[in-house]
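Peer 1: Pasting in a structure now, in C-alpha cells, and then I'll have a few things to ask.
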Amino acid sequence: MDEGKISVRYAHALYALAEERGVHHELYRKMETISQAFLEFPVLTETLANPMHTKEEKLSLLIAAGGMEIPQLLKDFFQLIIKKGREEFMIFIAMSYQTYYREKQRIVIGKITSAMPLKEEAISKIRHLIDKKYDATIELTTKIEPDIIGGFIFEVDNYLMDTSVKKALQDIKKELIRA
C-alpha cells in the first residue's frame with residue numbers, strides 16, 4: 001500500500017471538513033501533538049497496527065496522543081480511520097495534515113541555531129525578513145548550541161545560511177589543507 005497517497009487523501013479530506021467547521025487551526029495544533037507523540041513513542045505505531053488490540057483501545061490511544069481534549073470532529077475521524085483499518089497510517093496522516101495546513105495558510109518552517117540566546121528584537125527582524133521574502137508567515141524555532149562558538153545557523157525550507165564561527169574555522173582549515 002502507498003501510505004503517501006493514503007495519508008494525503010485522508011489529510012486533505014480532514015482539512016476540508018475542519019475548515020468548513022472552523023476548527024482547522026485547532027486540528028493543526030492537535031496534529032502537531034499527535035506527530036510528536038508518535039515520534040517520542042515509536043511503539044505507538046506498532047500498538048495501533050497490532051490486531052490483538054480492540055478498536056476501543058486504539059481509539060483511546062489516539063485520543064491520548066492528541067492530548068485528551070480533542071474536538072469531536074477528530075474523535076469521529078479517529079473512529080473512521082480505525083473502522084477502515086488505517087490506524088497505522090495515523091502518523092503519516094498527521095504529518096500530511098500539517099504540511100497541507102501550512103501550504104494553505106502560507107506558513108514556512110524555520111530554525112535558528114545560535115551559540116547564545118538571541119534577543120527578541122533580532123528574532124523579530126528575521127521573522128519580518130522571511131515574511132517579506134516568502135510572502136508567508138514563519139514558524140520559527142530557536143536552538144542554543146554552544147559548539148558553534150558564535151554567529152548563527154539559519155534554516156528555512158531548503159535554504160541554509162551558516163555564519164557560525166565553527167563553520168568559518170572549518171572553511172579556513174580546508175583552505176589550509178588545499179594550499
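Letters A, B, ... go to the chains of the C-alpha cells in the order shown; residues in each chain start at 1; ligands are counted from 1 in the same order.
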Give me, as a list in words, all polymer residues having an atom no more than 9 Å from Glu26 in chain A, counting only C-alpha atoms and skipping those fewer than 4 positions away in the same chain.
Peer 2: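 Residues meeting the cut-off are Ala18, Gly22, Lys30, Met31, Ile70 and Pro71 of chain A.
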Peer 1: Just want the 12 Å neighbourhood of Leu80 in chain A, counted on only C-alpha atoms, with same-chain residues fewer than 3 positions away dropped. Output as a list of chain:residue names.
Peer 2: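 Neighbouring residues, sequence-local ones excluded: A:Tyr10, A:Leu14, A:Lys55, A:Lys58, A:Leu59, A:Leu73, A:Leu74, A:Lys75, A:Asp76, A:Phe77, A:Lys83, A:Lys84, A:Gly85, A:Arg86, A:Glu87, A:Met90.
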Peer 1: My list of candidates is A:Val43, A:Leu48, A:Ile138, A:Ile91. Which is closest to Lys125 in chain A when distances are computed with only C-alpha atoms?
Peer 2: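 Counting only C-alpha atoms, the residue closest to Lys125 in chain A is A:Ile138.
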Peer 1: Compile the contact shell of Lys167 in chain A as a list in words: residues with an atom at most 10 Å away, counting only C-alpha atoms, same-chain residues fewer than 3 positions apart removed.
Peer 2: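 With the cut-off at 10 Å, the set is Ile148, Ile149, Gly150, Gly151, Phe152, Ile153, Asp162, Thr163, Ser164, Gln170, Asp171, Ile172 and Lys173 of chain A.
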Peer 1: Would you mind exporting the chosen residues as an mmCIF file, in the first residue's frame, restricted to all heavy atoms?
Peer 2:
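Writing done, so here's selection_29.cif:
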data_model
loop_
_atom_site.group_PDB
_atom_site.id
_atom_site.type_symbol
_atom_site.label_atom_id
_atom_site.label_comp_id
_atom_site.auth_asym_id
_atom_site.auth_seq_id
_atom_site.Cartn_x
_atom_site.Cartn_y
_atom_site.Cartn_z
ATOM 1 N N ILE A 148 28.863 25.954 18.223
ATOM 2 C CA ILE A 148 29.094 26.770 17.019
ATOM 3 C C ILE A 148 29.902 28.030 17.341
ATOM 4 O O ILE A 148 30.220 28.793 16.449
ATOM 5 C CB ILE A 148 27.782 27.100 16.272
ATOM 6 C CG1 ILE A 148 26.900 28.066 17.045
ATOM 7 C CG2 ILE A 148 27.031 25.840 15.905
ATOM 8 C CD1 ILE A 148 25.744 28.626 16.212
ATOM 9 N N ILE A 149 30.201 28.240 18.601
ATOM 10 C CA ILE A 149 31.089 29.281 19.127
ATOM 11 C C ILE A 149 30.484 30.680 19.022
ATOM 12 O O ILE A 149 30.414 31.411 19.992
ATOM 13 C CB ILE A 149 32.498 29.244 18.488
ATOM 14 C CG1 ILE A 149 33.099 27.833 18.638
ATOM 15 C CG2 ILE A 149 33.405 30.304 19.089
ATOM 16 C CD1 ILE A 149 34.331 27.587 17.786
ATOM 17 N N GLY A 150 30.040 31.074 17.864
ATOM 18 C CA GLY A 150 29.441 32.393 17.649
ATOM 19 C C GLY A 150 28.721 32.393 16.321
ATOM 20 O O GLY A 150 28.753 31.425 15.574
ATOM 21 N N GLY A 151 28.045 33.500 16.024
ATOM 22 C CA GLY A 151 27.264 33.584 14.798
ATOM 23 C C GLY A 151 25.982 32.782 14.929
ATOM 24 O O GLY A 151 25.503 32.547 16.042
ATOM 25 N N PHE A 152 25.441 32.351 13.795
ATOM 26 C CA PHE A 152 24.205 31.577 13.831
ATOM 27 C C PHE A 152 24.076 30.726 12.573
ATOM 28 O O PHE A 152 24.763 30.950 11.582
ATOM 29 C CB PHE A 152 22.973 32.484 13.978
ATOM 30 C CG PHE A 152 22.778 33.437 12.821
ATOM 31 C CD1 PHE A 152 22.033 33.060 11.709
ATOM 32 C CD2 PHE A 152 23.331 34.705 12.853
ATOM 33 C CE1 PHE A 152 21.848 33.925 10.647
ATOM 34 C CE2 PHE A 152 23.156 35.582 11.791
ATOM 35 C CZ PHE A 152 22.419 35.196 10.698
ATOM 36 N N ILE A 153 23.172 29.763 12.657
ATOM 37 C CA ILE A 153 22.811 28.929 11.504
ATOM 38 C C ILE A 153 21.309 29.123 11.323
ATOM 39 O O ILE A 153 20.529 28.931 12.262
ATOM 40 C CB ILE A 153 23.131 27.444 11.748
ATOM 41 C CG1 ILE A 153 24.617 27.257 12.041
ATOM 42 C CG2 ILE A 153 22.693 26.600 10.541
ATOM 43 C CD1 ILE A 153 24.980 25.878 12.566
ATOM 44 N N ASP A 162 24.806 29.577 7.058
ATOM 45 C CA ASP A 162 25.641 29.230 8.201
ATOM 46 C C ASP A 162 26.709 30.305 8.370
ATOM 47 O O ASP A 162 27.681 30.355 7.621
ATOM 48 C CB ASP A 162 26.280 27.855 7.991
ATOM 49 C CG ASP A 162 26.985 27.331 9.233
ATOM 50 O OD1 ASP A 162 27.277 28.134 10.149
ATOM 51 O OD2 ASP A 162 27.238 26.115 9.281
ATOM 52 N N THR A 163 26.531 31.180 9.355
ATOM 53 C CA THR A 163 27.503 32.234 9.638
ATOM 54 C C THR A 163 28.225 31.953 10.952
ATOM 55 O O THR A 163 28.742 32.864 11.582
ATOM 56 C CB THR A 163 26.815 33.616 9.717
ATOM 57 O OG1 THR A 163 25.936 33.627 10.837
ATOM 58 C CG2 THR A 163 26.060 33.945 8.444
ATOM 59 N N SER A 164 28.241 30.697 11.339
ATOM 60 C CA SER A 164 28.846 30.335 12.619
ATOM 61 C C SER A 164 30.374 30.415 12.558
ATOM 62 O O SER A 164 30.985 30.241 11.502
ATOM 63 C CB SER A 164 28.429 28.919 13.032
ATOM 64 O OG SER A 164 28.975 27.961 12.162
ATOM 65 N N GLN A 170 36.197 25.811 10.045
ATOM 66 C CA GLN A 170 36.280 24.623 9.179
ATOM 67 C C GLN A 170 36.686 25.016 7.758
ATOM 68 O O GLN A 170 37.489 24.329 7.121
ATOM 69 C CB GLN A 170 34.937 23.883 9.157
ATOM 70 C CG GLN A 170 34.617 23.162 10.442
ATOM 71 C CD GLN A 170 33.187 22.625 10.461
ATOM 72 O OE1 GLN A 170 32.318 23.053 9.711
ATOM 73 N NE2 GLN A 170 32.950 21.679 11.371
ATOM 74 N N ASP A 171 36.140 26.129 7.275
ATOM 75 C CA ASP A 171 36.493 26.613 5.928
ATOM 76 C C ASP A 171 37.970 26.996 5.846
ATOM 77 O O ASP A 171 38.647 26.692 4.856
ATOM 78 C CB ASP A 171 35.609 27.810 5.537
ATOM 79 C CG ASP A 171 34.160 27.411 5.294
ATOM 80 O OD1 ASP A 171 33.877 26.200 5.182
ATOM 81 O OD2 ASP A 171 33.311 28.330 5.231
ATOM 82 N N ILE A 172 38.466 27.648 6.886
ATOM 83 C CA ILE A 172 39.886 28.027 6.920
ATOM 84 C C ILE A 172 40.754 26.776 6.923
ATOM 85 O O ILE A 172 41.758 26.688 6.200
ATOM 86 C CB ILE A 172 40.185 28.918 8.156
ATOM 87 C CG1 ILE A 172 39.506 30.284 7.983
ATOM 88 C CG2 ILE A 172 41.687 29.070 8.362
ATOM 89 C CD1 ILE A 172 39.521 31.145 9.236
ATOM 90 N N LYS A 173 40.353 25.791 7.708
ATOM 91 C CA LYS A 173 41.105 24.533 7.778
ATOM 92 C C LYS A 173 41.160 23.864 6.395
ATOM 93 O O LYS A 173 42.227 23.402 5.958
ATOM 94 C CB LYS A 173 40.450 23.587 8.792
ATOM 95 C CG LYS A 173 41.166 22.270 8.959
ATOM 96 C CD LYS A 173 40.467 21.393 9.978
ATOM 97 C CE LYS A 173 41.104 20.035 10.081
ATOM 98 N NZ LYS A 173 40.412 19.161 11.034
#
Peer 1: Quick one, how far is CA of Glu69 in chain A from CA of Ala136 in chain A?
Peer 2: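 Computed distance, CA of Glu69 in chain A to CA of Ala136 in chain A, equals 29.8 Å.
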Peer 1: When you draw a straight line from CA of Ile112 in chain A to CA of Glu155 in chain A, how long is it in Å?
Peer 2: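 Computed distance, CA of Ile112 in chain A to CA of Glu155 in chain A, equals 6.5 Å.
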Peer 1: For Ile109 in chain A, which residue among A:Ala94, A:Ile144, A:Ala49, A:Val156 is the nearest when counting only C-alpha atoms?
Peer 2: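 Smallest separation from Ile109 in chain A among the options: A:Val156.
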